[in-house]
Amino acid sequence: MSAELRITLAGAERVVAAGTTAGDALEADGRTVIAARVNGEPRDLAHPLADGDVVEPIDIASDDGRAIVRHSTAHVMAQAVQELFPEAKLGIGPPVDNGFYYDFDVAQAFQPDDLKRVEKRMREIVKQGQLFARRPVTDEQARAELAAEPYKLELIGLKGGAAAEESVEVGAGELTIYDNLDPKSGELRWKDLCRGPHVPSTRSIPAFKLMRSGGAYWRGSEKNPQLQRIYGTAWESRDKQDEYLKLLEEAEKRDHRRLGAELDLFSFPPELGSGLPVFHPKGGIIRKEMEDYMRKRQGEAGYEFVNTPHITKSQLFETSGHLPWYAEDMFPPFELEGVEYRVKPMNCPMHNLIFRARGRSYRELPLRLCEFGSVYRYEKSGVVHGLTRVRGMTQDDSHIYCTREQMAGEIKSLLTFVLSVLRDFGLSEFYLELSTRDDSDKFIGDPADWEAATEALRQTAEESGLELVDDPGGAAFYGPKISVQAKDAIGRTWQLSTIQLDLNQPKRFELEYQAADGSRQTPVMIHRALFGSIERFLGVLTEHYAGAFPPWLAPVQVVGIPIADAHVAYLHDVAKRLRERGIRVEIDTADDRMQKKIRNAQRAKVPFMLLAGDDDIAGGAVSFRYRSGEQKNGVPVDEAVAEIVDAVARRIQV
């Protein structure tokens, strides 16, 4: 064996001694640099280098670094749980966005006091500085060592399979166990089946906190046992963790489910079933404003409104290709007159039938069909969440049929249109995600069509000037898509509008148009959902604005507050003038004192309050109060009306 190795570090070739580890080469302290990327693959700092290796540091504050810290913290948590609850059997414990979890099979559900005990024991383990040591094993060795862990044994059997590819435990290559070792004696403290990598020592975990526990089915299937999942968060510093916890506090205040109840917008009656919301009058006003706005904008952009039924024969989804790939997300079929029917989970197959209903000419293209279509999807109960994940929704769906020559221009104008609409709703910070096909067998159609469609989307996305993130394998089964990712007021990212290019469904439905040369050609189909669904978009807006909607969307735009009963009639006259200008106004005639009426209006997040007393009436004025608490006295009624009408028309926030 050569005594020297040639490696590439920071773009430069270096000569190091044989036996040098990635950590040695990087001079890593295990605090800032906690792992390495060797030839593009994440590795432990203890990974021995080979001749020709390219070595890069993984910083604890990078996305990869945080994931490694969180995965390591999940191991520490599992060790603490098994020390405190020796009968607990291990599931899996991956890093996730902003944290980690680990699943356990235990006799009783974890209680809040249990989590406190686990967290205390974790802190003791972290303080001990136990070492993470990777050890390759054969399948037989792993089964022998983990004979008491039935879920781990199941994962060993999946090694190399599709489920294993998604697991933090095993992959298609070498099987490994990570030992947690005493830093002084080297004695084994705990072990787990895992691919790694991990931080070098538990002391490399700067900040963590356990958040909550709940039930979770093993491998996500309701057919499997329900385990107990403990969620936690971990960060590269206490300051970053504190930042995140403050964000969570703010997010809780903005939770649309709570605000929906407080502001009397919507509810989720258990009598209807999970994921099926009802909208109260005030919520209905917001929905109507959203729909009216979209009808106006789409009408101006040359869209034509259509309407389709809620149910259809199942065969329609065989033709479209949805049924083989989407059946689990559909509600079960039902039979009528010997024919199988389903409630529709999407509108596109029905729009194809509208296109096919008569002969089409190239002169009609692009044909832009749109619909506020009700669709129904069987979301698992564990993922249903307020308005943002429902089972019954209304999509602001559009399908554009165009020629190949029109495709690029149509996509470009579509993206411009989408971003313009989102900005009118007060969202201004975006990036784009391009979802493409991979080697999976779920994707249908000619690879050449896919390549052309993907390139058209990529070119449009790059020309937009927005950041573009690739999402390999994330495409729909029929074509690639661009997703608009928008940041809300507290920096969270939401996937909103989508633009999908489809060169497959038109062929499956045998759609044709007569070209200028008289030949029959197949159109390109573009799927576009702008809100995604009205329900989800309203949930996002509620949290973005913390319920304080801009005046044009606010259910009640103005509340008139009389100082005494004698001033009610005057305010009714003011309200009449406002209503004539299309403003939604109420007069608070309750027996409460004026200050309580003001507090009630502020709690209801009404944009404007108009107060009136003797002096106001004498001067033909009102006291003009904003929801921020700012107040202007003696404002002439004409000026007050004009300011309110202008704010609503310009869609500005106050």
# chains A, B, ... in the order shown; residues from 1 in each chain; ligands from 1
$ residues_around --residues "stretch 605-607 of chain A" --least-positions-apart "4" --cutoff "6 Å" --atoms "only C-alpha atoms" --output "PyMOL selection string"
chain A and resi 548+551+557+601+627
$ write_last_selection --atoms "C-alpha atoms" --output "compact mmCIF listing (two decimals), in the first residue's frame"
# COMPACT_ATOMS: atom_id res chain seq x y z
CA ALA A 548 -56.21 41.31 8.89
CA PRO A 551 -59.81 46.25 2.65
CA GLN A 557 -64.72 46.90 5.45
CA ALA A 601 -63.95 46.00 15.74
CA ARG A 627 -57.32 49.09 12.58
$ residues_around --residues "A:Arg117" --least-positions-apart "5" --cutoff "9 Å" --atoms "only C-alpha atoms" --output "list in words"
Ala80, Val81, Leu84, Pro112 and Met122 of chain A
$ select_by_dssp --residues "stretch 63-246 of chain A" --states "helix (DSSP H, G or I)" --output "MDAnalysis selection string"
chainID A and resid 63:84 112:128 139:145 150:157 162:165 202:204 218:220 238:246
$ closest_residue --among "A:Ile598, A:Gln395, A:Gly539, A:Gly321" --to "A:Lys507" --atoms "only C-alpha atoms"
A:Gly321
$ atom_distance --atom1 "atom CA of A:Gly40" --atom2 "atom CA of A:Ala476"
28.6 Å
$ atom_distance --atom1 "atom CA of A:Thr522" --atom2 "atom CA of A:Asn352"
12.1 Å
$ select_by_dssp --residues "stretch 21-114 of chain A" --states "strand (DSSP E)" --output "PyMOL selection string"
chain A and resi 33-38+41-43+54-59+89-90+95-96+99-105
$ residues_around --residues "A:Trp450" --least-positions-apart "3" --cutoff "8 Å" --atoms "only C-alpha atoms" --output "number ranges by chain"
A: 437, 445-447, 453-454, 479-480, 503
$ residues_around --residues "A:Arg14" --least-positions-apart "5" --cutoff "10 Å" --atoms "only C-alpha atoms" --output "PyMOL selection string"
chain A and resi 5-9+25+52
$ write_last_selection --atoms "N, CA and C atoms" --output "PDB file, in the first residue's frame"
ATOM      1  N   LEU A   5      -1.356   9.560  -0.416  1.00  0.00           N
ATOM      2  CA  LEU A   5      -2.564   9.635  -1.237  1.00  0.00           C
ATOM      3  C   LEU A   5      -2.628  11.014  -1.873  1.00  0.00           C
ATOM      4  N   ARG A   6      -3.137  11.064  -3.076  1.00  0.00           N
ATOM      5  CA  ARG A   6      -3.402  12.353  -3.720  1.00  0.00           C
ATOM      6  C   ARG A   6      -4.909  12.604  -3.667  1.00  0.00           C
ATOM      7  N   ILE A   7      -5.280  13.708  -3.056  1.00  0.00           N
ATOM      8  CA  ILE A   7      -6.693  14.068  -2.947  1.00  0.00           C
ATOM      9  C   ILE A   7      -6.887  15.487  -3.457  1.00  0.00           C
ATOM     10  N   THR A   8      -8.138  15.854  -3.723  1.00  0.00           N
ATOM     11  CA  THR A   8      -8.469  17.225  -4.116  1.00  0.00           C
ATOM     12  C   THR A   8      -9.249  17.866  -2.984  1.00  0.00           C
ATOM     13  N   LEU A   9      -8.722  18.991  -2.517  1.00  0.00           N
ATOM     14  CA  LEU A   9      -9.334  19.695  -1.387  1.00  0.00           C
ATOM     15  C   LEU A   9      -9.423  21.172  -1.738  1.00  0.00           C
ATOM     16  N   ALA A  25      -8.159  15.663   6.857  1.00  0.00           N
ATOM     17  CA  ALA A  25      -7.863  16.488   5.689  1.00  0.00           C
ATOM     18  C   ALA A  25      -8.498  17.868   5.804  1.00  0.00           C
ATOM     19  N   GLY A  52      -7.208   9.826  -5.011  1.00  0.00           N
ATOM     20  CA  GLY A  52      -8.067  10.441  -6.011  1.00  0.00           C
ATOM     21  C   GLY A  52      -9.353  11.030  -5.474  1.00  0.00           C
TER      22      GLY A  52
END
$ residues_around --residues "A:Ile156" --least-positions-apart "6" --cutoff "9 Å" --atoms "only C-alpha atoms" --output "MDAnalysis selection string"
chainID A and resid 139 142:143 164 169:170 175 193
